[in-house]
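These notes concern the structure reproduced below.
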Amino acid sequence: MAREFTRVGVVGLGTMGAGIVEVFARNGIDVVAVEISEAALERGRVTMTGSTDRAVAKGKLAEADRDALLARVDFQVGLDALHSVDLVVEAVPEHLDLKQRIFAELDKVCKPETILATNTSSLSVTEISVATTRPNQVIGIHFFNPAPVMKLVEVVRTVVTSPDVVADVEALCERLGKVDVTISDRAGFIANALLFGYLNHAVSMVEARYATREDIDAAMKLGCGLPMGPLALMDLIGLDTAYEILDTMYRRGGRDRRHAPVPLIKQMVTAGLLGRKSGRGFYTYERPGSPVVVPDDQTPVTSQSALADGARGIAKVGVVGSGTMATGIIEVFAKAGYEVVSVTRGAEKSAKVFEAVKTSLNKGVVRGKLSEVDRDAALGRINWSATLEHLADVDLVVEAVVEELSVKKALFASLDEICKPGVVLATTTSSLPVIDVAMATQRPADVVGLHFFNPAPIMPLVEVVQTIRTSAETTATAKAVCAALGKTGVICGDRSGFIVNALLFPYLNDAVKMLEASYSTADDIDYAMKLGCGYPMGPFELLDVVGLDVSLAIQRELYLELREPGFAPAPLLEHLVTAGYLGRKSGRGFRDHTRR
Ligand SMILES: NC(=O)c1ccc[n+]([C@@H]2O[C@H](COP(=O)([O-])OP(=O)(O)OC[C@H]3O[C@@H](n4cnc5c(N)ncnc54)[C@H](O)[C@@H]3O)[C@@H](O)[C@H]2O)c1
């Protein structure tokens, strides 16, 4: 007979606990919500009522339902109040000794049949379970933040958890409207094992002043469609909690340096900058617990005019190349009102690009996003040429030719001879060092990276890559151009992968390693990232779209430049590429696309 869960307990009403109480109470289950002191209890109550009030204000919860929900919660100090519950979910800070102490006490207080669950993110559920006399009734129920919103629950069974306990908890998750993935007890489970290396890496970028917090967050949101950037997410998780999770994952997960908490995190925790819960973390919030970011001394000041920042005026733009990126970039500039000189390697190529730009603009007309007049005007602004000499009087050149350093260097050397002084010379390279290209000219201060994303007319992000020789004026010009194109330009240093690829591909590679280790399935890993972290696609879906060969090449570059052992390409990824399984484009990658 399956267990009925009519009354459950939640221990610890912090970031997670308060949300977990809400999840149960929303689904008609009575909750005994326990804290360590009256003050902490009051804080938990305020967090919970704040969350339910917001749901009412947004029209997601009726007032009567909110009142019924709150009436189901019995707020108490001390574990003794849990004597009659059927299940306890513990959500106290991420310290093994604390959790073990609480479990030992719960074991004494609770009914013999009560299931004891931990919401730990990284600690060993097995080690927690042995503090009780009923390790077979101990399980991990790992909710995601914010618990009322995120659909995923990771159910963690240890080697001794009874199968009926697992089955009953899975059924409970379903009743709560959650999707569960059941996995074994490994540091970070699925989602955090893939997430925290990425978060830590993003913090290291801030620490190294590689890019600003705003630019890193904007890059991941706009470049990858993530619901929030990594630093905003660190603030949501809580820096103290994130520190403990990283520290545990480092020790339990094979001492991968990428999980060694970046020193800045510890400093911020020591300084009381814990994120949203303390009102300040990477960002500053209206007040503790508030999601509203307010300006602080790090908030970038945007001057009224780009020229005030030292940006040069740009009216005429040259685009060199005839591939996918060049075609998209020509369209973007022409649509934004710039006069464009497209240079390809011959009339035939130019005709092809012209057709592609026209077709794309026509799609805009069909969809009602562009008038016929504007389409014709955009096309009329483009001059087609097969000689670089026609770039003599442009103000900006964007190079988007084949990704080969020798070709790009030769091109930049030619541009150096042809272009007038003061021109900004930009490369769209996604993997080559911009400084190499810059040094092929006599004017490296005028050379910058403008890394557009594919498809350029749609993707809102451009990475502005400044080398150690790029002048502030050149960077300001590049940034102003991005704004004029309606795109967000994020500024970063000249390192392999810039911001987006450097943060994205190691995560994808880690997912492949997790699959390779048979920890979980491609479907469950995809679910975990989509439902637990709000990613628009799971890692295997994305790898199949990007192409396994492209992904492998990027990962190799990162590994070669940064020499980080954890960045070594997953052998499974290499094998799939060798076997010709390249993703959608070849019909098969991690999934078979021929049968869909
Ligand atoms: N923050 C996240 O995004 C997240 C996501 C999933 C899981 N988790 C996990 O959830 C757990 C809680 O993390 P958090 O971020 O909510 O921490 P938190 O610091 O926000 O909250 C912990 C709460 O536990 C209370 N507490 C401490 N000792 C207690 C005791 N003896 N009895 C009762 N209550 C006690 C504290 O007063 C505090 O309110 C951790 O194991 C963490 O790894 C966190």
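Ligands are numbered from 1 in the order shown, chains are lettered A, B, ... in the order of the structure tokens, and residues start at 1 in each chain.
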Item to complete: Kindly work out which residues sit at most 8 Å from ligand 1, using only C-alpha atoms and all ligand atoms, and give the list as JSON, numbers by chain.
Response: {"A": [11, 12, 13, 14, 15, 16, 17, 18, 34, 35, 36, 37, 40, 41, 43, 44, 77, 78, 79, 90, 91, 92, 93, 94, 95, 98, 102, 118, 119, 120, 121, 122, 123, 142, 143, 144, 145, 146, 236, 237, 238, 240, 241, 242, 244, 245, 277]}
Fill in: Selection: 10 Å around A:Ala377, only C-alpha atoms, excl. self and same-chain fewer than 5 positions, as a PyMOL selection string
chain A and resi 334-335+337+371-372+382
Discussion item. Could you list, as a count of residues only, every residue within 7 Å of stretch 487-495 of chain A, counting only C-alpha atoms and ignoring same-chain residues fewer than 4 positions away?
Written reply: 18
Discussion item. With DSSP run on the backbone, what are the helix (DSSP H, G or I) residues within stretch 78-289 of chain A? I'd like them as a VMD selection string.
Written reply: chain A and resid 79 to 82 96 to 109 125 to 129 135 to 137 163 to 175 191 to 207 213 to 224 230 to 237 239 to 252 257 to 259 263 to 270 276 to 278
Worksheet item: Tell me, which residues of stretch 39-80 of chain A carry DSSP strand (DSSP E or B), written as a PyMOL selection string?
Response: chain A and resi 73-77
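Restricting the calculation to only C-alpha atoms, the smallest distance between A:Leu573 and any of A:Ser551, A:Thr52, A:Ser586, A:Ser406 is found for A:Ser551.
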Worksheet entry | Pick from A:Phe590, A:Tyr198, A:Phe24, A:Phe333 nearest to A:Ala147, counting only C-alpha atoms | A:Phe24
Worksheet item: Which one is closest to A:Gly589: A:Val407, A:Val317, A:Asp549, A:Lys369? Count only C-alpha atoms.
Response: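 Looking only at the distances to A:Gly589, the closest residue turns out to be A:Asp549.
Minimum atom-to-atom distances from A:Lys151, A:Arg556, A:Lys58, A:Lys352 to A:Ala528 were compared using only C-alpha atoms, and the lowest value belongs to A:Lys151.
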Fill in: Nearest to A:Ile141 by atom-to-atom distance, counting only C-alpha atoms, from A:Phe189, A:Tyr283, A:Tyr250, A:Phe103
A:Phe189
Tell me, as a short mmCIF file (atom, residue, chain, number, x, y, z; two decimals) with C-alpha atoms, in the first residue's frame, which residues lie within 10 Å of A:Val109, counting only C-alpha atoms; anything in the same chain fewer than 5 positions away does not count.
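Output file result37.cif follows:
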```cif
data_model
loop_
_atom_site.label_atom_id
_atom_site.label_comp_id
_atom_site.auth_asym_id
_atom_site.auth_seq_id
_atom_site.Cartn_x
_atom_site.Cartn_y
_atom_site.Cartn_z
CA LEU A 79 11.80 19.79 15.91
CA ASP A 80 9.44 18.38 18.58
CA ALA A 81 6.50 19.75 16.61
CA LEU A 82 7.18 17.11 13.95
CA HIS A 83 6.05 14.09 15.97
CA SER A 84 3.02 13.29 13.83
CA PHE A 103 18.47 13.82 11.22
CA ALA A 104 19.52 12.07 14.42
CA THR A 114 8.01 8.75 8.70
#
```
